[in-house]
>>> print(open('coords_22.csv').read())   # CSV, C-alpha atoms
chain,number,residue,atom,x,y,z
A,1,MET,CA,105.1,-54.5,24.9
A,2,LYS,CA,104.9,-57.2,27.6
A,3,LEU,CA,107.5,-57.3,30.3
A,4,ASN,CA,109.3,-60.7,30.6
A,5,CYS,CA,109.2,-61.9,34.2
A,6,VAL,CA,109.9,-64.7,36.6
A,7,ILE,CA,108.1,-65.5,39.8
A,8,VAL,CA,110.0,-66.9,42.8
A,9,ASP,CA,108.0,-68.0,45.7
A,10,ASP,CA,108.0,-71.2,47.7
A,11,GLU,CA,104.3,-71.3,48.0
A,12,LEU,CA,102.4,-72.7,45.1
A,13,LEU,CA,99.1,-70.8,45.4
A,14,SER,CA,101.0,-67.5,45.6
A,15,ARG,CA,102.9,-68.4,42.4
A,16,ASN,CA,99.7,-69.4,40.7
A,17,PHE,CA,98.0,-66.1,41.7
A,18,LEU,CA,100.8,-64.1,40.2
A,19,LYS,CA,100.8,-66.1,37.0
A,20,LYS,CA,97.1,-65.6,36.7
A,21,PHE,CA,97.4,-61.9,37.3
A,22,CYS,CA,100.2,-61.5,34.8
A,23,GLY,CA,98.1,-63.3,32.2
A,24,LYS,CA,95.0,-61.3,33.1
A,25,SER,CA,96.9,-58.0,32.7
A,26,ALA,CA,98.3,-59.0,29.3
A,27,ARG,CA,101.2,-56.8,30.2
A,28,ALA,CA,103.6,-59.3,31.7
A,29,GLU,CA,104.8,-62.6,30.3
A,30,VAL,CA,105.8,-65.3,32.8
A,31,LYS,CA,109.0,-67.0,31.6
A,32,GLY,CA,109.4,-69.1,34.7
A,33,ALA,CA,108.0,-69.8,38.1
A,34,PHE,CA,110.3,-71.2,40.8
A,35,SER,CA,109.7,-72.5,44.2
A,36,ASN,CA,113.2,-71.8,45.4
A,37,ALA,CA,116.0,-69.3,44.8
A,38,THR,CA,118.6,-71.8,43.6
A,39,ASP,CA,116.5,-72.9,40.6
A,40,ALA,CA,115.7,-69.3,39.8
A,41,ILE,CA,119.4,-68.3,39.9
A,42,SER,CA,120.2,-71.1,37.6
A,43,TYR,CA,117.5,-69.9,35.1
A,44,LEU,CA,118.5,-66.3,35.4
A,45,GLU,CA,122.1,-67.0,34.7
A,46,ARG,CA,121.1,-68.3,31.3
A,47,ASN,CA,118.1,-66.0,30.6
A,48,GLU,CA,117.7,-62.3,31.1
A,49,VAL,CA,114.3,-61.1,32.3
A,50,GLU,CA,113.0,-57.6,33.0
A,51,VAL,CA,111.1,-58.2,36.2
A,52,ILE,CA,111.3,-60.6,39.1
A,53,PHE,CA,108.3,-61.1,41.5
A,54,LEU,CA,110.3,-62.3,44.5
A,55,ASP,CA,109.3,-63.7,47.8
A,56,VAL,CA,111.5,-62.8,50.7
A,57,GLU,CA,111.3,-65.6,53.1
A,58,MET,CA,112.1,-68.9,51.4
A,59,PRO,CA,113.9,-72.0,52.7
A,60,GLY,CA,117.7,-71.9,51.9
A,61,ILE,CA,118.5,-68.7,50.0
A,62,ASN,CA,116.1,-65.9,50.8
A,63,GLY,CA,115.0,-63.3,48.3
A,64,PHE,CA,117.6,-60.7,49.1
A,65,GLN,CA,120.4,-63.2,49.1
A,66,MET,CA,119.2,-64.3,45.7
A,67,LEU,CA,119.6,-60.8,44.3
A,68,ASP,CA,123.2,-60.9,45.5
A,69,HIS,CA,123.8,-63.9,43.3
A,70,LEU,CA,122.6,-62.2,40.1
A,71,SER,CA,125.1,-60.7,37.6
A,72,TYR,CA,122.5,-58.1,36.6
A,73,MET,CA,119.7,-56.4,38.4
A,74,PRO,CA,116.2,-56.8,36.9
A,75,ILE,CA,113.3,-54.7,38.2
A,76,VAL,CA,112.3,-56.4,41.5
A,77,ILE,CA,108.9,-56.5,43.0
A,78,MET,CA,109.0,-58.1,46.4
A,79,THR,CA,106.1,-60.2,47.5
A,80,THR,CA,105.8,-61.0,51.2
A,81,SER,CA,103.4,-61.4,54.0
A,82,LYS,CA,105.5,-59.4,56.3
A,83,THR,CA,106.3,-55.7,56.2
A,84,ASP,CA,109.5,-55.8,58.1
A,85,TYR,CA,111.8,-55.7,55.1
A,86,ALA,CA,111.1,-52.2,53.9
A,87,PHE,CA,114.6,-50.9,54.7
A,88,THR,CA,116.4,-53.8,53.1
A,89,ALA,CA,114.1,-53.5,50.1
A,90,PHE,CA,115.1,-49.8,49.8
A,91,GLU,CA,118.8,-50.8,49.9
A,92,TYR,CA,118.2,-53.2,47.1
A,93,ASN,CA,116.4,-50.6,45.0
A,94,VAL,CA,113.3,-52.7,45.0
A,95,THR,CA,110.6,-51.1,42.7
A,96,ASP,CA,107.6,-52.2,44.8
A,97,PHE,CA,106.6,-54.3,47.7
A,98,LEU,CA,103.4,-56.4,47.5
A,99,ARG,CA,101.9,-57.7,50.6
A,100,LYS,CA,100.5,-61.2,50.3
A,101,PRO,CA,97.7,-62.1,49.6
A,102,VAL,CA,98.0,-59.7,46.7
A,103,GLU,CA,94.9,-58.1,45.3
A,104,TYR,CA,94.7,-57.6,41.5
A,105,ASN,CA,94.4,-53.8,41.6
A,106,ARG,CA,97.5,-53.6,43.8
A,107,PHE,CA,99.3,-55.9,41.5
A,108,LEU,CA,98.4,-53.5,38.6
A,109,ASP,CA,99.9,-50.6,40.6
A,110,ALA,CA,103.1,-52.6,40.9
A,111,LEU,CA,103.1,-53.4,37.2
A,112,ASN,CA,102.7,-49.7,36.4
A,113,LYS,CA,105.8,-49.0,38.5
A,114,ALA,CA,107.7,-51.8,36.8
A,115,GLU,CA,106.8,-50.4,33.4
A,116,GLU,CA,107.9,-46.9,34.4
A,117,ALA,CA,111.2,-48.3,35.7
A,118,HIS,CA,111.7,-50.3,32.6
A,119,LYS,CA,111.1,-47.3,30.4
A,120,LYS,CA,113.7,-45.4,32.4
A,121,ASN,CA,116.2,-48.2,32.1
A,122,GLN,CA,115.6,-48.4,28.4
A,123,SER,CA,116.1,-44.7,27.8
A,124,ILE,CA,119.4,-44.8,29.7
A,125,LEU,CA,120.4,-47.8,27.6
A,126,ASP,CA,119.3,-46.0,24.4
A,127,GLU,CA,121.3,-43.0,25.3
A,128,SER,CA,124.4,-45.0,25.9
A,129,PHE,CA,124.0,-46.5,22.5
A,130,LYS,CA,123.8,-43.1,20.9
A,131,LYS,CA,127.5,-42.8,20.8
A,132,ASP,CA,128.1,-42.4,17.1
A,133,ILE,CA,126.6,-41.2,13.8
A,134,VAL,CA,126.8,-42.7,10.4
A,135,ILE,CA,127.3,-40.3,7.5
A,136,LYS,CA,127.7,-40.6,3.8
A,137,SER,CA,130.8,-39.0,2.6
A,138,ASN,CA,132.4,-39.3,-0.9
A,139,GLY,CA,130.0,-42.2,-1.7
A,140,ASN,CA,131.0,-44.2,1.4
A,141,TYR,CA,129.2,-44.7,4.7
A,142,VAL,CA,131.4,-43.7,7.6
A,143,ARG,CA,130.8,-44.2,11.3
A,144,LEU,CA,131.9,-41.3,13.4
A,145,ALA,CA,132.1,-41.5,17.2
A,146,TYR,CA,130.5,-38.4,18.7
A,147,ASN,CA,133.5,-38.1,20.9
A,148,ASP,CA,135.7,-37.7,17.8
A,149,ILE,CA,133.8,-34.9,16.2
A,150,LEU,CA,135.3,-31.5,17.0
A,151,TYR,CA,132.8,-29.4,15.2
A,152,VAL,CA,130.5,-29.4,12.2
A,153,GLU,CA,130.5,-26.6,9.7
A,154,GLY,CA,127.5,-25.8,7.6
A,155,MET,CA,128.0,-25.0,3.9
A,156,GLY,CA,124.6,-24.6,2.4
A,157,ASP,CA,123.4,-28.1,1.4
A,158,TYR,CA,126.6,-29.7,2.7
A,159,VAL,CA,128.2,-30.0,6.1
A,160,LYS,CA,131.8,-30.6,7.1
A,161,TYR,CA,132.5,-32.9,10.0
A,162,VAL,CA,135.8,-32.1,11.5
A,163,THR,CA,137.7,-34.7,13.5
A,164,PRO,CA,141.3,-34.5,14.8
A,165,ASP,CA,142.5,-36.6,11.9
A,166,LYS,CA,140.2,-35.9,9.0
A,167,THR,CA,137.3,-33.9,7.7
A,168,TYR,CA,134.3,-35.4,6.0
A,169,ILE,CA,131.9,-33.6,3.7
A,170,ALA,CA,128.4,-34.9,3.7
A,171,HIS,CA,125.2,-33.9,1.9
A,172,SER,CA,123.1,-32.5,4.7
A,173,THR,CA,122.2,-29.3,6.5
A,174,LEU,CA,123.3,-27.9,9.8
A,175,ARG,CA,119.7,-28.0,10.9
A,176,ALA,CA,119.6,-31.8,10.3
A,177,VAL,CA,122.8,-32.3,12.1
A,178,GLU,CA,121.5,-30.2,15.0
A,179,ASP,CA,118.5,-32.5,15.3
A,180,THR,CA,120.6,-35.6,15.3
A,181,VAL,CA,123.5,-35.0,17.6
A,182,SER,CA,123.4,-35.3,21.4
A,183,LYS,CA,122.2,-32.1,22.9
A,184,GLU,CA,124.2,-32.9,26.0
A,185,ASN,CA,127.6,-32.3,24.3
A,186,PHE,CA,126.9,-30.4,21.1
A,187,LEU,CA,125.7,-26.8,20.7
A,188,LYS,CA,125.1,-24.5,17.7
A,189,VAL,CA,127.3,-21.5,18.5
A,190,HIS,CA,126.9,-19.7,15.1
A,191,ARG,CA,124.6,-20.1,12.1
A,192,SER,CA,127.4,-22.1,10.4
A,193,TYR,CA,128.8,-24.0,13.3
A,194,ILE,CA,127.8,-26.8,15.8
A,195,VAL,CA,130.6,-27.6,18.2
A,196,ASN,CA,131.5,-30.3,20.6
A,197,VAL,CA,131.5,-28.4,23.8
A,198,ARG,CA,133.9,-30.8,25.5
A,199,LYS,CA,136.5,-30.0,22.8
A,200,ILE,CA,136.6,-26.3,23.4
A,201,SER,CA,140.0,-25.3,24.7
A,202,GLN,CA,139.5,-21.5,24.8
A,203,LEU,CA,136.8,-18.9,24.7
A,204,THR,CA,137.8,-15.3,23.9
A,205,ASP,CA,135.2,-12.5,23.3
A,206,ASN,CA,133.3,-13.9,20.3
A,207,ASN,CA,135.5,-16.8,19.3
A,208,ILE,CA,136.3,-20.3,20.6
A,209,SER,CA,139.3,-22.4,19.9
A,210,ILE,CA,139.0,-26.1,19.1
A,211,ASN,CA,142.1,-28.0,18.1
A,212,GLY,CA,143.7,-24.9,16.8
A,213,ALA,CA,140.7,-23.8,14.7
A,214,SER,CA,139.0,-20.5,15.6
A,215,ILE,CA,135.2,-20.6,15.4
A,216,PRO,CA,133.0,-17.6,15.7
A,217,VAL,CA,130.3,-17.4,18.4
A,218,SER,CA,127.1,-15.4,17.8
A,219,LYS,CA,126.2,-13.0,20.5
A,220,SER,CA,122.8,-14.7,20.8
A,221,ASN,CA,124.4,-18.1,21.5
A,222,LYS,CA,127.0,-16.9,23.9
A,223,ALA,CA,125.0,-17.2,27.1
A,224,GLU,CA,123.9,-20.7,26.3
A,225,LEU,CA,127.5,-21.6,25.5
A,226,LEU,CA,128.7,-20.3,28.8
A,227,GLU,CA,126.0,-22.3,30.6
A,228,LYS,CA,126.9,-25.4,28.7
A,229,LEU,CA,130.6,-25.0,29.5
A,230,ARG,CA,129.7,-24.8,33.2
A,231,THR,CA,127.7,-28.0,33.1
A,232,ALA,CA,129.2,-30.2,30.3
B,1,MET,CA,72.8,-66.2,38.9
B,2,VAL,CA,75.7,-64.7,40.8
B,3,PHE,CA,77.4,-67.0,43.3
B,4,ALA,CA,77.4,-65.7,46.9
B,5,PHE,CA,80.3,-67.0,49.1
B,6,ASN,CA,79.4,-68.4,52.5
B,7,ASN,CA,79.2,-65.5,55.0
B,8,GLU,CA,81.7,-67.3,57.3
B,9,LEU,CA,84.3,-66.3,54.6
B,10,ASP,CA,85.5,-62.8,53.8
B,11,GLN,CA,83.1,-62.2,51.0
B,12,THR,CA,84.4,-58.8,50.2
B,13,PHE,CA,88.0,-60.0,49.9
B,14,LEU,CA,87.0,-63.0,47.8
B,15,GLN,CA,85.0,-60.8,45.5
B,16,SER,CA,88.1,-58.5,45.1
B,17,LEU,CA,90.2,-61.6,44.3
B,18,TYR,CA,88.0,-63.5,41.9
B,19,GLY,CA,85.3,-61.1,40.7
B,20,ASP,CA,83.2,-63.3,38.4
B,21,ASP,CA,85.9,-65.8,37.8
B,22,LEU,CA,84.4,-68.7,39.8
B,23,GLU,CA,86.4,-71.2,37.8
B,24,TYR,CA,89.6,-69.8,39.0
B,25,ALA,CA,88.2,-69.6,42.6
B,26,GLN,CA,87.5,-73.3,42.4
B,27,GLU,CA,91.1,-74.0,41.2
B,28,VAL,CA,92.5,-72.0,44.1
B,29,PHE,CA,90.2,-73.7,46.7
B,30,GLU,CA,91.3,-77.1,45.3
B,31,GLY,CA,94.9,-76.0,45.5
B,32,PHE,CA,94.4,-74.9,49.1
B,33,LEU,CA,92.9,-78.2,50.0
B,34,SER,CA,95.8,-80.1,48.5
B,35,GLU,CA,98.8,-77.8,49.2
B,36,THR,CA,97.9,-76.3,52.6
B,37,LYS,CA,96.6,-79.6,53.9
B,38,LYS,CA,99.9,-81.2,53.0
B,39,GLU,CA,101.9,-78.4,54.7
B,40,PHE,CA,99.6,-78.6,57.7
B,41,GLU,CA,100.3,-82.3,58.1
B,42,ALA,CA,104.0,-81.5,58.1
B,43,ILE,CA,103.5,-78.8,60.7
B,44,LYS,CA,101.8,-81.2,63.0
B,45,ASN,CA,104.8,-83.5,62.5
B,46,ASP,CA,107.2,-80.7,63.4
B,47,TYR,CA,105.1,-80.0,66.5
B,48,GLY,CA,105.5,-83.7,67.5
B,49,GLN,CA,109.3,-83.2,67.0
B,50,ASN,CA,109.2,-80.0,69.2
B,51,ASP,CA,110.7,-78.1,66.2
B,52,VAL,CA,109.5,-74.5,66.7
B,53,LYS,CA,111.7,-73.2,63.9
B,54,LYS,CA,110.2,-75.4,61.3
B,55,ILE,CA,106.7,-74.8,62.6
B,56,ARG,CA,107.3,-71.1,62.2
B,57,GLN,CA,108.7,-71.5,58.7
B,58,LYS,CA,105.8,-73.5,57.5
B,59,LEU,CA,103.2,-71.4,59.2
B,60,HIS,CA,104.7,-68.4,57.5
B,61,LYS,CA,104.5,-70.2,54.1
B,62,ILE,CA,100.8,-71.2,54.5
B,63,LYS,CA,99.7,-67.9,56.1
B,64,PRO,CA,98.6,-66.1,53.0
B,65,THR,CA,96.8,-69.1,51.6
B,66,PHE,CA,94.0,-68.8,54.2
B,67,SER,CA,93.2,-65.4,52.8
B,68,PHE,CA,93.0,-66.9,49.3
B,69,VAL,CA,90.0,-68.9,50.4
B,70,GLY,CA,88.5,-66.0,52.4
B,71,LEU,CA,89.8,-66.9,55.8
B,72,THR,CA,91.5,-63.6,56.4
B,73,ALA,CA,91.0,-63.7,60.1
B,74,LEU,CA,92.9,-67.1,60.2
B,75,THR,CA,95.8,-65.4,58.4
B,76,GLU,CA,95.9,-62.8,61.2
B,77,ARG,CA,95.8,-65.5,63.9
B,78,THR,CA,98.5,-67.5,62.2
B,79,GLU,CA,100.6,-64.3,62.2
B,80,MET,CA,100.2,-64.1,66.0
B,81,ILE,CA,101.5,-67.7,66.5
B,82,ILE,CA,104.4,-67.0,64.1
B,83,ALA,CA,105.3,-64.0,66.3
B,84,ALA,CA,105.1,-66.3,69.4
B,85,CYS,CA,107.3,-68.8,67.6
B,86,ASP,CA,110.0,-66.1,67.1
B,87,ALA,CA,110.3,-65.8,70.9
B,88,ALA,CA,109.9,-69.5,71.7
B,89,SER,CA,112.4,-72.3,72.0
B,90,ASN,CA,109.9,-75.2,72.5
B,91,THR,CA,106.3,-75.9,71.7
B,92,GLY,CA,105.3,-75.5,75.3
B,93,GLU,CA,106.0,-71.7,74.9
B,94,ILE,CA,103.5,-71.4,72.0
B,95,GLU,CA,100.6,-73.0,73.8
B,96,PRO,CA,97.7,-72.8,74.2
B,97,GLY,CA,97.5,-70.6,71.1
B,98,CYS,CA,99.1,-73.1,68.8
B,99,SER,CA,96.7,-76.0,69.6
B,100,ALA,CA,93.7,-73.6,69.2
B,101,LEU,CA,95.1,-72.5,65.8
B,102,PHE,CA,95.5,-76.1,64.7
B,103,LYS,CA,91.9,-76.8,65.6
B,104,GLU,CA,90.8,-73.8,63.6
B,105,ILE,CA,92.9,-74.8,60.6
B,106,GLU,CA,91.4,-78.3,60.7
B,107,ALA,CA,87.9,-76.8,60.8
B,108,SER,CA,88.8,-74.5,57.9
B,109,PHE,CA,89.4,-77.5,55.6
B,110,LEU,CA,85.9,-78.7,56.1
B,111,LEU,CA,84.5,-75.2,55.5
B,112,VAL,CA,86.6,-74.8,52.3
B,113,GLU,CA,85.6,-78.3,51.0
B,114,ASN,CA,81.9,-77.4,51.5
B,115,GLU,CA,82.4,-74.1,49.7
B,116,LEU,CA,84.1,-75.8,46.8
B,117,MET,CA,81.2,-78.3,46.5
B,118,ARG,CA,78.8,-75.3,46.4
B,119,MET,CA,80.8,-73.6,43.7
B,120,LYS,CA,80.9,-76.8,41.7
B,121,ASP,CA,77.1,-77.2,42.0
B,122,HIS,CA,76.7,-73.6,41.0
B,123,THR,CA,78.7,-73.9,37.8
B,124,VAL,CA,77.2,-77.2,36.7
>>> encode(input="coords_22.csv", output="structure tokens")
Amino acid sequence: MKLNCVIVDDELLSRNFLKKFCGKSARAEVKGAFSNATDAISYLERNEVEVIFLDVEMPGINGFQMLDHLSYMPIVIMTTSKTDYAFTAFEYNVTDFLRKPVEYNRFLDALNKAEEAHKKNQSILDESFKKDIVIKSNGNYVRLAYNDILYVEGMGDYVKYVTPDKTYIAHSTLRAVEDTVSKENFLKVHRSYIVNVRKISQLTDNNISINGASIPVSKSNKAELLEKLRTA
Amino acid sequence: MVFAFNNELDQTFLQSLYGDDLEYAQEVFEGFLSETKKEFEAIKNDYGQNDVKKIRQKLHKIKPTFSFVGLTALTERTEMIIAACDAASNTGEIEPGCSALFKEIEASFLLVENELMRMKDHTV
């Protein structure tokens, strides 16, 4: 997958070099190249990109000031012929710093870093989207927010999702549920139970209480449960 | 036959920039002759106006373009005049280095023009 990017540099040859390098790499698609920050801001207000190749010193608004104007923070690769900006670049969480004139291999290094950062951003985004699960219960598809699920009880080829208001029986196995739910908040505490750790109100010997229900905890799962309770 | 850049230019750097892509090298050399020349004319005008700030700004802008055509040493010398501009309030304070740099830049255009001709002849 190519990274969508824009180039912002007041010097034409530098812009052209970066365009050329992006094309040559076949890993970045240039959506726009701007000679000043004002035009770039105007474009970025209407279009979201993943990467900005950004010059620091430009007439009018400089590169860092331009970042202050953006409503979102893309991955930034600074391009400059000075190295005095390292500290400010660090403050702006700049992914890489390319010294002009930029050589192709160095450009590829920066692109590698941008791809890594993009993957990281994407996984955080994906994780935030994993907030619910769709189950089929009584012939209907029901969306359940993970946060609403208190626990899941396995009953052979069926499972019971228990929420504060309602229970839902679905044709599935506890193993399948275990593979699906967020490992961060859910834990199998017994061969028949997966619980939402954040909903546990009490732990006594080999039982936990969730919303008034008592759920058994296997000896083999207890240590992991205690660890989870400490960190969840 | 492989094209060999003039040894007055930084051949190693040019090779790392363009590899075998002589067509693109010509494009950049042409761009240098139009864009950098234009900026240089403006710099000379700023010099006439005794405007050190604008001289500095424009020198900073064209500085990397010298390297694009293999004039890496000129990039470094431009950097020195830029540093001098940072501490100066009038053109007298950036002399005699500034005039020497201007002469060198003027000469570089001729060198780049000749190199461009050679590349064109080579690719015909």
>>> residues_near_point(input="coords_22.csv", point="(101.9, -66.0, 58.9)", cutoff="12 Å", atoms="all atoms listed in the file", output="ChimeraX atom specification")
/A:57,80-83,99-101 /B:55-67,72-86,101
>>> interface_residues(input="coords_22.csv", of="chain A", to="chain B", cutoff="12 Å", atoms="all atoms listed in the file", output="number ranges by chain")
A: 9-21, 24, 35, 55-60, 79-83, 99-107
>>> atom_distance(input="coords_22.csv", atom1="CA of Val8 in chain A", atom2="CA of Ser42 in chain A")
12.2 Å
>>> atom_distance(input="coords_22.csv", atom1="CA of Lys2 in chain A", atom2="CA of Thr95 in chain A")
17.3 Å
>>> residues_around(input="coords_22.csv", residues="Ala213 in chain A", least_positions_apart="5", cutoff="10 Å", atoms="only C-alpha atoms", output="PyMOL selection string")
chain A and resi 150-151+200+207-208
>>> atom_distance(input="coords_22.csv", atom1="CA of Lys103 in chain B", atom2="CA of Leu116 in chain B")
20.4 Å
>>> residues_near_point(input="coords_22.csv", point="(127.6, -33.6, 14.5)", cutoff="6 Å", atoms="only C-alpha atoms", output="number ranges by chain")
A: 152, 177, 181
>>> closest_residue(input="coords_22.csv", among="B:Gln15, B:Gln26, B:Asn90, B:Ser99", to="Val52 in chain B", atoms="all atoms listed in the file")
B:Asn90
>>> residues_around(input="coords_22.csv", residues="Thr123 in chain B", least_positions_apart="5", cutoff="9 Å", atoms="all atoms listed in the file", output="number ranges by chain")
B: 3, 22-23, 118
>>> closest_residue(input="coords_22.csv", among="B:Leu110, B:Met117, B:Cys98, B:Ala87", to="Lys44 in chain B", atoms="all atoms listed in the file")
B:Cys98
>>> closest_residue(input="coords_22.csv", among="A:Ser214, A:Thr38, A:Ile7, A:Phe90", to="Gln202 in chain A", atoms="all atoms listed in the file")
A:Ser214
>>> axis_aligned_box(input="coords_22.csv", around="range 19-36 of chain B", padding_each_side="3 Å", output="lines of an AutoDock Vina configuration file")
center_x = 91.0
center_y = -70.6
center_z = 45.2
size_x = 21.6
size_y = 25.0
size_z = 20.8
>>> residues_around(input="coords_22.csv", residues="Lys37 in chain B", least_positions_apart="3", cutoff="10 Å", atoms="only C-alpha atoms", output="number ranges by chain")
B: 31-34, 40-43, 62, 105-106, 109
>>> closest_residue(input="coords_22.csv", among="A:Pro74, A:Gly32, A:Pro216, A:Gly154", to="Thr204 in chain A", atoms="all atoms listed in the file")
A:Pro216
>>> closest_residue(input="coords_22.csv", among="A:Glu91, A:Glu115, A:Asp205, A:Glu178", to="Cys5 in chain A", atoms="all atoms listed in the file")
A:Glu115
